[in-house]
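Asker: What follows is start-v6.cif, mmCIF, C-alpha atoms.
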data_structure
#
loop_
_atom_site.label_atom_id
_atom_site.label_comp_id
_atom_site.auth_asym_id
_atom_site.auth_seq_id
_atom_site.Cartn_x
_atom_site.Cartn_y
_atom_site.Cartn_z
CA MET Z 1 52.66 105.31 126.49
CA ASN Z 2 50.72 103.29 123.92
CA ALA Z 3 46.99 103.70 123.27
CA PHE Z 4 44.83 101.09 124.97
CA GLU Z 5 41.25 100.20 125.66
CA TYR Z 6 40.01 100.26 129.23
CA ALA Z 7 37.33 98.15 130.86
CA ALA Z 8 36.05 98.43 134.43
CA PRO Z 9 33.84 95.38 134.98
CA ARG Z 10 31.49 95.21 137.98
CA THR Z 11 32.00 91.55 138.80
CA LEU Z 12 34.97 89.20 138.98
CA ASP Z 13 33.33 86.79 136.53
CA GLU Z 14 32.96 89.58 134.02
CA ALA Z 15 36.60 90.59 134.50
CA LEU Z 16 37.72 86.98 133.97
CA THR Z 17 35.64 86.76 130.79
CA VAL Z 18 37.14 89.95 129.37
CA LEU Z 19 40.61 88.75 130.36
CA ARG Z 20 40.06 85.46 128.57
CA GLU Z 21 38.72 87.17 125.44
CA HIS Z 22 41.71 89.44 125.06
CA GLY Z 23 44.40 86.96 126.04
CA GLU Z 24 47.98 88.19 126.00
CA GLU Z 25 46.91 91.67 124.85
CA ALA Z 26 45.16 92.34 128.14
CA ARG Z 27 46.60 93.22 131.52
CA VAL Z 28 44.79 93.49 134.82
CA ILE Z 29 45.25 96.80 136.61
CA ALA Z 30 44.62 97.60 140.28
CA GLY Z 31 46.70 100.38 141.85
CA GLY Z 32 48.76 100.79 138.70
CA THR Z 33 51.97 101.70 140.53
CA ALA Z 34 53.97 99.01 138.77
CA LEU Z 35 52.07 98.56 135.52
CA VAL Z 36 51.69 102.25 134.62
CA THR Z 37 55.40 102.82 135.26
CA MET Z 38 56.29 99.98 132.94
CA MET Z 39 53.84 101.26 130.33
CA ARG Z 40 55.31 104.74 130.51
CA GLN Z 41 58.74 103.26 129.98
CA ARG Z 42 57.23 101.28 127.08
CA LEU Z 43 58.54 98.08 128.62
CA VAL Z 44 55.03 96.67 128.23
CA SER Z 45 52.35 97.84 125.81
CA PRO Z 46 49.05 96.12 126.57
CA GLY Z 47 46.23 96.85 124.17
CA TYR Z 48 43.60 96.30 126.84
CA LEU Z 49 43.50 97.20 130.53
CA ILE Z 50 41.01 95.57 132.86
CA SER Z 51 40.55 97.49 136.09
CA LEU Z 52 39.48 95.56 139.17
CA HIS Z 53 38.46 98.72 140.99
CA ASP Z 54 34.71 98.50 140.54
CA ILE Z 55 34.47 94.90 141.71
CA PRO Z 56 32.97 94.86 145.20
CA GLY Z 57 34.36 92.65 147.94
CA LEU Z 58 38.02 92.62 146.91
CA ASN Z 59 39.03 95.41 149.29
CA ARG Z 60 38.25 93.85 152.67
CA ILE Z 61 40.42 92.77 155.56
CA GLU Z 62 38.63 89.98 157.43
CA VAL Z 63 39.35 87.53 160.23
CA ALA Z 64 39.46 84.04 158.71
CA ASN Z 65 40.29 80.86 160.68
CA SER Z 66 41.90 83.04 163.36
CA GLY Z 67 44.22 84.48 160.70
CA LEU Z 68 43.58 87.35 158.33
CA ARG Z 69 42.23 87.34 154.80
CA ILE Z 70 43.34 90.45 152.96
CA GLY Z 71 41.57 91.19 149.69
CA ALA Z 72 43.59 91.85 146.54
CA LEU Z 73 42.45 95.48 146.29
CA VAL Z 74 43.42 96.42 149.86
CA THR Z 75 46.15 99.05 149.60
CA HIS Z 76 49.51 98.84 151.31
CA ARG Z 77 48.56 101.86 153.42
CA GLU Z 78 45.37 100.14 154.58
CA VAL Z 79 47.32 97.09 155.77
CA GLU Z 80 49.84 99.36 157.48
CA THR Z 81 47.19 101.31 159.40
CA SER Z 82 44.51 98.64 159.92
CA PRO Z 83 43.78 98.19 163.66
CA ILE Z 84 42.87 94.55 163.11
CA VAL Z 85 46.20 93.82 161.35
CA ARG Z 86 48.16 95.70 164.02
CA GLU Z 87 46.42 93.76 166.73
CA ARG Z 88 46.60 90.28 165.23
CA ILE Z 89 49.70 90.21 162.99
CA PRO Z 90 51.67 93.37 163.79
CA VAL Z 91 54.70 92.30 161.73
CA LEU Z 92 52.52 92.50 158.63
CA ALA Z 93 51.52 96.12 159.33
CA GLU Z 94 55.19 96.90 160.02
CA THR Z 95 56.29 95.28 156.75
CA PHE Z 96 53.80 97.19 154.62
CA ARG Z 97 54.85 100.39 156.37
CA ARG Z 98 58.35 99.88 154.98
CA VAL Z 99 57.24 99.85 151.33
CA ALA Z 100 58.38 102.82 149.24
CA SER Z 101 56.67 106.11 150.14
CA VAL Z 102 53.24 106.90 151.54
CA ARG Z 103 52.07 108.06 148.08
CA ILE Z 104 52.93 104.66 146.64
CA ARG Z 105 51.39 102.85 149.61
CA ASN Z 106 48.14 104.73 149.11
CA MET Z 107 47.85 103.33 145.58
CA ALA Z 108 49.69 99.99 145.48
CA THR Z 109 47.49 96.99 146.26
CA VAL Z 110 48.26 93.72 148.01
CA GLY Z 111 47.20 91.59 145.03
CA GLY Z 112 48.89 93.80 142.47
CA ALA Z 113 52.21 93.63 144.30
CA LEU Z 114 52.09 89.83 144.38
CA ALA Z 115 51.17 89.57 140.69
CA HIS Z 116 54.02 91.92 139.77
CA ALA Z 117 56.48 89.38 141.23
CA ASP Z 118 59.29 91.87 141.68
CA PRO Z 119 61.92 90.04 143.78
CA ASN Z 120 62.84 93.22 145.69
CA GLN Z 121 59.48 93.82 147.33
CA ASP Z 122 58.89 93.77 151.08
CA PRO Z 123 55.48 92.08 151.65
CA PRO Z 124 56.22 88.68 150.03
CA VAL Z 125 59.14 88.15 152.41
CA THR Z 126 57.00 88.45 155.53
CA LEU Z 127 54.09 86.60 153.94
CA ILE Z 128 56.40 83.64 153.20
CA ALA Z 129 57.79 83.63 156.73
CA LEU Z 130 54.25 83.68 158.12
CA GLY Z 131 53.19 80.79 155.90
CA ALA Z 132 50.56 82.83 154.06
CA ARG Z 133 48.63 81.56 151.04
CA VAL Z 134 47.51 83.28 147.85
CA GLU Z 135 43.95 82.93 146.59
CA ILE Z 136 43.63 82.84 142.82
CA ARG Z 137 40.59 82.88 140.54
CA GLY Z 138 40.57 81.80 136.93
CA ALA Z 139 38.14 80.65 134.29
CA VAL Z 140 38.09 77.12 135.72
CA GLY Z 141 37.62 78.16 139.32
CA ARG Z 142 39.44 79.00 142.47
CA ARG Z 143 42.81 77.72 143.67
CA GLU Z 144 45.13 78.52 146.49
CA LEU Z 145 48.84 78.05 147.02
CA PRO Z 146 51.52 79.01 149.53
CA VAL Z 147 53.09 82.41 148.79
CA GLU Z 148 56.50 80.74 148.70
CA GLU Z 149 55.39 78.63 145.71
CA PHE Z 150 53.82 81.57 143.92
CA PHE Z 151 57.02 83.16 142.58
CA ARG Z 152 58.71 81.43 139.65
CA ASP Z 153 61.39 83.70 138.26
CA TYR Z 154 62.39 87.35 137.86
CA TYR Z 155 59.04 89.17 137.59
CA GLU Z 156 57.34 85.84 136.87
CA SER Z 157 54.62 84.34 139.04
CA SER Z 158 52.75 81.09 138.73
CA LEU Z 159 49.59 82.90 137.63
CA ALA Z 160 48.35 81.18 134.48
CA PRO Z 161 46.94 83.26 131.62
CA GLY Z 162 43.46 84.42 132.58
CA GLU Z 163 44.04 84.15 136.33
CA VAL Z 164 43.75 86.91 138.91
CA VAL Z 165 44.97 87.15 142.52
CA THR Z 166 41.90 87.69 144.72
CA ALA Z 167 43.32 87.64 148.25
CA VAL Z 168 46.13 86.59 150.53
CA VAL Z 169 45.45 84.67 153.74
CA ALA Z 170 47.95 84.96 156.59
CA PRO Z 171 47.71 82.73 159.67
CA GLN Z 172 48.11 84.19 163.12
CA LEU Z 173 51.41 83.40 164.87
CA PRO Z 174 51.47 80.21 166.99
CA PRO Z 175 51.62 80.66 170.79
CA ALA Z 176 54.95 81.74 172.32
CA SER Z 177 56.06 83.09 168.97
CA GLY Z 178 57.47 86.36 167.69
CA ALA Z 179 58.12 87.80 164.26
CA ALA Z 180 60.38 90.46 162.81
CA TYR Z 181 60.96 92.09 159.44
CA VAL Z 182 64.36 93.66 158.97
CA LYS Z 183 64.95 95.70 155.85
CA PHE Z 184 68.53 96.67 155.15
CA LEU Z 185 68.48 99.79 153.04
CA PRO Z 186 71.60 101.88 153.29
CA ARG Z 187 70.46 104.43 150.70
CA THR Z 188 67.11 106.18 151.16
CA ALA Z 189 64.07 105.27 153.24
CA ASP Z 190 61.83 104.79 150.20
CA ASP Z 191 64.27 102.55 148.33
CA TYR Z 192 63.99 98.85 147.69
CA ALA Z 193 65.89 96.73 150.18
CA THR Z 194 69.49 95.77 149.57
CA VAL Z 195 68.63 92.67 151.59
CA ALA Z 196 65.39 91.99 153.47
CA VAL Z 197 64.67 89.25 156.00
CA ALA Z 198 61.53 88.14 157.81
CA ALA Z 199 61.76 85.66 160.66
CA VAL Z 200 59.15 83.93 162.78
CA VAL Z 201 60.45 82.18 165.91
CA SER Z 202 58.38 79.85 168.12
CA LEU Z 203 59.85 78.94 171.50
CA GLU Z 204 59.68 75.77 173.56
CA PRO Z 205 57.88 76.08 176.92
CA ASP Z 206 61.27 76.71 178.61
CA GLY Z 207 61.34 80.04 176.78
CA GLU Z 208 64.93 79.41 175.69
CA ARG Z 209 65.03 76.81 172.98
CA CYS Z 210 63.69 77.38 169.49
CA ARG Z 211 60.83 75.03 168.70
CA GLN Z 212 60.51 76.18 165.12
CA ALA Z 213 61.78 79.04 162.97
CA ARG Z 214 60.64 80.26 159.58
CA ILE Z 215 62.98 82.51 157.62
CA ALA Z 216 62.39 84.25 154.29
CA LEU Z 217 64.53 86.67 152.33
CA GLY Z 218 63.98 89.25 149.60
CA SER Z 219 66.35 91.04 147.21
CA VAL Z 220 68.71 88.05 147.22
CA GLY Z 221 67.84 86.40 143.91
CA VAL Z 222 65.29 86.30 141.12
CA THR Z 223 62.47 85.51 143.58
CA PRO Z 224 61.97 85.88 147.33
CA ILE Z 225 63.14 82.68 149.00
CA ARG Z 226 62.56 80.61 152.12
CA ALA Z 227 65.71 79.51 153.95
CA ARG Z 228 64.83 75.96 154.96
CA ALA Z 229 68.39 74.81 155.73
CA ALA Z 230 68.83 77.60 158.27
CA GLU Z 231 65.41 76.82 159.74
CA ALA Z 232 66.45 73.18 160.23
CA LEU Z 233 69.62 74.28 162.05
CA LEU Z 234 67.56 76.24 164.56
CA ALA Z 235 64.83 73.72 165.35
CA GLY Z 236 65.15 72.42 168.91
CA GLN Z 237 68.30 74.43 169.63
CA ARG Z 238 69.10 76.92 172.36
CA PHE Z 239 69.80 80.40 171.00
CA SER Z 240 73.45 81.41 171.13
CA ALA Z 241 75.81 83.61 169.19
CA GLU Z 242 77.27 80.47 167.58
CA LEU Z 243 73.87 79.25 166.50
CA LEU Z 244 72.99 82.58 164.90
CA GLN Z 245 76.32 82.60 163.14
CA ALA Z 246 75.77 79.09 161.83
CA ALA Z 247 72.33 80.11 160.56
CA GLY Z 248 73.91 83.12 158.85
CA GLU Z 249 76.57 80.94 157.22
CA SER Z 250 73.93 78.57 155.92
CA ILE Z 251 72.09 81.55 154.40
CA LYS Z 252 75.12 82.40 152.29
CA GLY Z 253 74.70 79.11 150.46
CA ALA Z 254 70.96 79.61 149.98
CA VAL Z 255 70.98 83.04 148.36
CA ASP Z 256 71.96 83.91 144.81
CA PRO Z 257 71.89 87.72 144.72
CA LEU Z 258 72.08 89.85 141.60
CA SER Z 259 74.73 92.56 141.38
CA ASP Z 260 73.18 95.98 140.87
CA HIS Z 261 73.58 99.59 142.02
CA ARG Z 262 72.56 98.55 145.55
CA GLY Z 263 75.58 96.32 145.89
CA SER Z 264 77.52 93.44 144.43
CA ALA Z 265 76.30 89.87 144.78
CA ALA Z 266 79.18 89.16 147.18
CA TYR Z 267 78.26 92.10 149.41
CA LYS Z 268 74.59 91.14 149.50
CA ARG Z 269 75.50 87.55 150.37
CA GLU Z 270 77.52 88.72 153.37
CA MET Z 271 74.78 91.13 154.45
CA ALA Z 272 72.13 88.43 154.13
CA ALA Z 273 73.93 86.48 156.87
CA VAL Z 274 74.15 89.55 159.09
CA ILE Z 275 70.52 90.57 158.60
CA VAL Z 276 69.24 87.04 159.19
CA ALA Z 277 70.97 86.98 162.58
CA ARG Z 278 69.41 90.35 163.45
CA ALA Z 279 65.93 89.31 162.37
CA LEU Z 280 66.18 86.06 164.34
CA THR Z 281 67.31 87.94 167.43
CA GLN Z 282 64.40 90.38 167.17
CA ALA Z 283 61.90 87.58 166.53
CA ARG Z 284 63.26 85.62 169.50
CA ASP Z 285 62.96 88.65 171.78
CA ALA Z 286 59.42 89.23 170.59
CA ALA Z 287 58.62 85.56 171.21
CA ARG Z 288 60.01 85.77 174.77
CA ALA Z 289 57.90 88.85 175.47
CA THR Z 290 54.82 87.04 174.18
CA ALA Z 291 55.60 83.90 176.20
CA ARG Z 292 56.08 85.95 179.38
CA GLY Z 293 52.86 87.83 178.75
CA THR Z 294 50.79 84.65 178.46
CA ARG Z 295 52.42 82.76 181.34
CA MET C 1 79.92 93.35 131.36
CA THR C 2 82.10 90.37 130.48
CA PHE C 3 81.22 86.81 131.26
CA THR C 4 82.45 83.35 130.37
CA GLN C 5 80.25 80.39 129.64
CA GLU C 6 80.90 76.83 128.62
CA CYS C 7 78.93 73.84 127.43
CA LEU C 8 79.72 70.36 126.18
CA ILE C 9 78.45 69.26 122.76
CA PRO C 10 78.70 65.49 122.26
CA VAL C 11 80.42 65.53 118.84
CA GLU C 12 84.02 65.80 117.66
CA ARG C 13 85.60 69.21 117.20
CA GLU C 14 85.73 69.24 113.35
CA ARG C 15 82.05 68.50 113.05
CA LEU C 16 81.04 71.15 115.59
CA TRP C 17 83.26 73.75 113.94
CA ASP C 18 81.81 73.14 110.48
CA PHE C 19 78.29 73.36 111.85
CA LEU C 20 78.93 76.52 113.85
CA MET C 21 80.44 78.31 110.88
CA GLU C 22 77.31 77.77 108.80
CA VAL C 23 75.19 80.56 110.13
CA PRO C 24 71.78 79.51 108.75
CA LYS C 25 72.22 76.07 110.32
CA VAL C 26 73.38 77.29 113.67
CA ALA C 27 70.65 79.95 113.66
CA SER C 28 68.03 77.23 113.88
CA CYS C 29 69.48 76.29 117.26
CA VAL C 30 69.40 79.78 118.75
CA PRO C 31 66.38 80.09 121.08
CA GLY C 32 64.00 82.83 119.95
CA LEU C 33 65.74 83.54 116.65
CA GLU C 34 63.02 84.28 114.10
CA THR C 35 64.74 85.35 110.90
CA VAL C 36 68.26 85.34 109.57
CA GLU C 37 69.41 86.59 106.22
CA ALA C 38 72.88 86.90 104.70
CA VAL C 39 74.05 90.42 103.89
CA ASN C 40 77.44 89.25 102.57
CA ALA C 41 79.86 86.40 103.22
CA SER C 42 80.46 87.32 106.85
CA ALA C 43 77.49 89.48 107.87
CA TYR C 44 73.89 88.60 108.60
CA LYS C 45 70.81 90.41 109.68
CA GLY C 46 68.00 88.97 111.66
CA SER C 47 65.50 89.23 114.47
CA LEU C 48 65.36 87.62 117.87
CA ARG C 49 62.50 87.36 120.34
CA LEU C 50 63.34 87.35 124.01
CA GLN C 51 61.10 87.41 127.07
CA VAL C 52 62.17 88.65 130.50
CA GLY C 53 59.26 88.44 132.93
CA PRO C 54 56.39 90.46 131.49
CA ILE C 55 58.61 92.15 128.92
CA ARG C 56 58.76 90.81 125.40
CA LEU C 57 61.64 92.10 123.35
CA SER C 58 61.90 91.94 119.58
CA LEU C 59 65.51 92.62 118.71
CA GLN C 60 66.42 93.52 115.11
CA GLY C 61 70.05 93.66 114.21
CA THR C 62 73.16 92.41 112.54
CA MET C 63 75.80 89.84 113.29
CA THR C 64 79.27 89.89 111.79
CA ILE C 65 81.87 87.14 111.91
CA GLU C 66 85.03 89.11 112.49
CA GLU C 67 87.45 86.24 112.63
CA GLN C 68 87.34 82.52 112.05
CA ASP C 69 90.51 80.57 112.53
CA ARG C 70 90.18 76.83 112.17
CA SER C 71 93.85 76.25 113.03
CA SER C 72 93.32 77.60 116.55
CA TRP C 73 89.60 76.64 116.70
CA ARG C 74 88.67 80.18 117.53
CA ALA C 75 86.11 82.61 116.13
CA ARG C 76 85.04 86.13 116.99
CA ILE C 77 81.58 87.51 116.41
CA ARG C 78 80.11 90.96 116.79
CA ALA C 79 76.38 91.50 117.21
CA GLU C 80 74.29 94.63 117.46
CA ALA C 81 70.53 94.69 117.86
CA ASN C 82 67.81 97.12 118.88
CA ASP C 83 64.23 96.98 120.03
CA ARG C 84 62.48 100.00 118.54
CA ARG C 85 59.32 99.77 120.60
CA VAL C 86 60.87 99.49 124.04
CA GLY C 87 63.88 101.62 123.17
CA GLY C 88 67.30 100.23 123.72
CA GLY C 89 69.48 97.48 122.47
CA ILE C 90 72.45 95.25 122.93
CA ARG C 91 76.04 95.33 121.68
CA ALA C 92 77.98 92.13 122.06
CA ARG C 93 81.39 90.80 121.15
CA MET C 94 81.73 87.09 121.52
CA SER C 95 84.79 84.93 121.33
CA LEU C 96 84.20 81.23 120.69
CA THR C 97 86.78 78.52 121.33
CA LEU C 98 86.45 74.79 120.79
CA VAL C 99 88.39 72.52 123.14
CA PRO C 100 88.36 68.71 123.10
CA GLY C 101 86.50 67.40 126.13
CA GLU C 102 85.30 64.21 127.77
CA GLY C 103 82.70 62.71 125.44
CA GLY C 104 82.66 65.59 122.98
CA THR C 105 83.80 69.15 122.46
CA ARG C 106 83.65 71.96 124.93
CA LEU C 107 82.36 75.20 123.49
CA GLN C 108 83.75 78.11 125.47
CA ILE C 109 82.19 81.52 124.97
CA VAL C 110 83.52 84.79 126.33
CA THR C 111 80.99 87.58 125.89
CA ASP C 112 81.51 91.29 126.33
CA LEU C 113 78.00 92.66 126.50
CA ALA C 114 76.52 96.12 126.78
CA ILE C 115 72.80 96.59 127.27
CA LEU C 116 71.62 100.03 126.32
CA GLY C 117 68.62 102.21 127.07
CA ARG C 118 65.48 101.12 128.87
CA ILE C 119 66.21 97.44 128.34
CA GLY C 120 69.35 97.90 130.41
CA GLU C 121 67.61 99.55 133.34
CA PHE C 122 65.27 96.61 133.73
CA GLY C 123 67.35 93.74 132.42
CA GLN C 124 70.88 94.39 133.58
CA PRO C 125 70.61 92.50 136.88
CA VAL C 126 69.32 89.31 135.32
CA ILE C 127 71.10 89.32 131.99
CA LYS C 128 73.74 86.82 133.09
CA LYS C 129 71.12 84.37 134.36
CA LYS C 130 69.13 84.84 131.16
CA ALA C 131 72.28 84.27 129.09
CA ASP C 132 73.01 81.05 130.99
CA ALA C 133 69.48 79.79 130.37
CA LEU C 134 69.77 80.65 126.67
CA LEU C 135 73.13 78.88 126.33
CA GLU C 136 71.77 75.79 128.01
CA GLU C 137 68.90 75.66 125.54
CA PHE C 138 71.22 76.46 122.62
CA ALA C 139 73.58 73.64 123.65
CA ARG C 140 70.65 71.23 123.89
CA ASN C 141 69.42 72.23 120.43
CA LEU C 142 72.92 72.02 119.00
CA GLY C 143 73.47 68.57 120.48
CA ALA C 144 70.14 67.38 119.11
CA ALA C 145 70.84 68.80 115.64
CA LEU C 146 74.31 67.28 115.45
CA VAL C 147 73.59 63.87 116.90
CA ALA C 148 70.49 63.35 114.79
#
Here is a file; write its structure as structure tokens.
Answerer:
Amino acid sequence: MNAFEYAAPRTLDEALTVLREHGEEARVIAGGTALVTMMRQRLVSPGYLISLHDIPGLNRIEVANSGLRIGALVTHREVETSPIVRERIPVLAETFRRVASVRIRNMATVGGALAHADPNQDPPVTLIALGARVEIRGAVGRRELPVEEFFRDYYESSLAPGEVVTAVVAPQLPPASGAAYVKFLPRTADDYATVAVAAVVSLEPDGERCRQARIALGSVGVTPIRARAAEALLAGQRFSAELLQAAGESIKGAVDPLSDHRGSAAYKREMAAVIVARALTQARDAARATARGTR
Amino acid sequence: MTFTQECLIPVERERLWDFLMEVPKVASCVPGLETVEAVNASAYKGSLRLQVGPIRLSLQGTMTIEEQDRSSWRARIRAEANDRRVGGGIRARMSLTLVPGEGGTRLQIVTDLAILGRIGEFGQPVIKKKADALLEEFARNLGAALVA
């Protein structure tokens, strides 16, 4: 690993100032699970590390507009085990539980994972399906954008130089809705997904037809994606084996997987269709249970 | 890994061939190429900057024209380059063929590429997409240089 200077500012404004001063030489560090690994491999060699750890207020999980606002420094393990997350958006706790190993989850932060923009991660998939938004702070102020617009390319986010992720805000599910995260990992439990799918299904009052579906996928291209064509197929339709198959077929045209040691692009494309159907089925069942419970 | 790429350059075949065989000229169209220097009549050394996500590579290496056959409009190139800081490099053999096309000349490139060391571990999955993006930019630059 290269030699570097280390700063641990006490306020976000101070961190942003230091980040601006050092420009491309500086990298922001939170949990360090991604950055330190890349530094050890000498893939990146920043001259300056700015830790966010001593900045108060970035590590809270709060109720916000009936959804949840999760601070950038909240760890994966904290999301997984948080009673408030489990109660309000259980699929989020379940998704973070599926990330790597407990040692990683104890260190890796919500904001750090987003900024890393690795297309094989679990949380972005569910966050996109939920319609979550990222909060960003930079020298010129605060901005916010949907998680699905945050990822640009392989390990590239839309963070501008000098900007920092401060939180992610996830809305609560609409009434009569259910969500599921299905991670297909045929190798080991702590591996990245071969294909990952999150689905949110909202039912019509009849409890049978799909009012709206949101589908997102990970590990199927250079960024996580939202499958809008498949969503459109489902809207207003009654669930059936044919409908799920049609949604799966439409997924094959939406994904552009990379061949790697987890499988060829062709294999991942086929599995994406299968896993989407499973996730939709689970989300529909969860939605029915919710609808029955509130009736 | 072997892959085939193709692009259309809006000039006639003779003109494209002559331009492509003049390495210093064509070098100016290669995205990220910083220096190029002749070692002898068919070999060059140079450096190329390439960014993949957060990783900035600085590849130093050589390029050799192994074959250039104007009668069949075909050339073969070998390139080897390393990044000392990251550790790792690339080895490539490229075969270029010029075919007349609609509104210009089609440049067909078959590349046999090996990515070595740490660069490979990170970059292997996206190298084809990166190569496509680079060719697109190269073709644009080439078109602009030749039409101007």
Asker: Please expand the PyMOL selection byres ((chain Z) within 7 of (chain C)) into the concrete residues it hits in this file, giving the result as a ChimeraX atom specification.
Answerer: /Z:42-44,154-156,258-260
Asker: Restricted to C-alpha atoms, what would the selected residues look like written as a PDB file, in the coordinates of the input?
Answerer:
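What landed in result38.pdb:
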ATOM      1  CA  ARG Z  42      57.230 101.280 127.080  1.00  0.00           C
ATOM      2  CA  LEU Z  43      58.540  98.080 128.620  1.00  0.00           C
ATOM      3  CA  VAL Z  44      55.030  96.670 128.230  1.00  0.00           C
ATOM      4  CA  TYR Z 154      62.390  87.350 137.860  1.00  0.00           C
ATOM      5  CA  TYR Z 155      59.040  89.170 137.590  1.00  0.00           C
ATOM      6  CA  GLU Z 156      57.340  85.840 136.870  1.00  0.00           C
ATOM      7  CA  LEU Z 258      72.080  89.850 141.600  1.00  0.00           C
ATOM      8  CA  SER Z 259      74.730  92.560 141.380  1.00  0.00           C
ATOM      9  CA  ASP Z 260      73.180  95.980 140.870  1.00  0.00           C
TER      10      ASP Z 260
END
Asker: Using the chain letters and numbers from the file, give me the residues hit by the PyMOL selection byres ((chain Z and resi 18) around 10), as a PyMOL selection string.
Answerer: chain Z and resi 7-9+12-17+19-23+26+48-50+162
Asker: For CA of Ala272 in chain Z and CA of Val195 in chain Z, quote the distance in Å rounded to one decimal.
Answerer: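 Pair CA of Ala272 in chain Z / CA of Val195 in chain Z returns 6.1 Å.
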Asker: Quick one: residues within 9 Å of Gly32 in chain C, only C-alpha atoms counted, chain neighbours fewer than 2 positions away excluded, as a list in words?
Answerer: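 The residues satisfying every condition are Cys29, Val30, Glu34, Ser47, Leu48, Arg49, Leu50 and Gln51 of chain C.
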Asker: Please provide the set of residues having any atom within 7 Å of Arg91 in chain C, restricted to only C-alpha atoms, with same-chain residues fewer than 5 positions apart removed, written as a PyMOL selection string.
Answerer: chain C and resi 79-81+113-115
Asker: How would the residues just picked look written out with C-alpha atoms as a PDB file, in the frame of the given file?
Answerer:
ATOM      1  CA  ALA C  79      76.380  91.500 117.210  1.00  0.00           C
ATOM      2  CA  GLU C  80      74.290  94.630 117.460  1.00  0.00           C
ATOM      3  CA  ALA C  81      70.530  94.690 117.860  1.00  0.00           C
ATOM      4  CA  LEU C 113      78.000  92.660 126.500  1.00  0.00           C
ATOM      5  CA  ALA C 114      76.520  96.120 126.780  1.00  0.00           C
ATOM      6  CA  ILE C 115      72.800  96.590 127.270  1.00  0.00           C
TER       7      ILE C 115
END
Asker: Residues within 12 Å of Leu244 in chain Z, please, as JSON, numbers by chain. Count only C-alpha atoms; anything in the same chain fewer than 2 positions from it doesn't count.
Answerer: {"Z": [210, 213, 230, 231, 233, 234, 237, 238, 239, 240, 241, 242, 246, 247, 248, 249, 250, 251, 273, 274, 275, 276, 277, 278, 279, 280, 281, 282, 284]}
Asker: Could you spell out the hits of the PyMOL selection byres ((chain C and resi 8-14) around 6) on the shown file, as a PyMOL selection string?
Answerer: chain C and resi 7+15-17+103-106+143
Asker: Hey, can you check how far CA of Glu135 in chain Z sits from CA of Thr37 in chain Z?
Answerer: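 These two atoms are separated by 25.6 Å.
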Asker: Given only C-alpha atoms as the basis, pick out the residue of Z:Ser202, Z:Ser177, Z:Gly112, Z:Arg40 nearest to Leu159 in chain Z.
Answerer: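 Once distances to Leu159 in chain Z are computed over only C-alpha atoms, the minimum belongs to Z:Gly112.
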Asker: Return the single residue from Z:Ile61, Z:Met38, Z:Ile104, Z:Ala196 that is closest to Lys268 in chain Z, with distances computed using only C-alpha atoms.
Answerer: Z:Ala196
Asker: Do you have the CA of Gly218 in chain Z-CA of Ile89 in chain Z distance handy?
Answerer: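 A separation of 19.6 Å between them.
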Asker: What's around Ser42 in chain C at 12 Å? Count all atoms listed in the file, leave out sequence neighbours fewer than 6 positions away in its own chain, and write the answer as JSON, numbers by chain.
Answerer: {"C": [21, 22, 23, 24, 62, 63, 64, 65, 66, 67, 68, 75, 76, 77, 78, 79]}
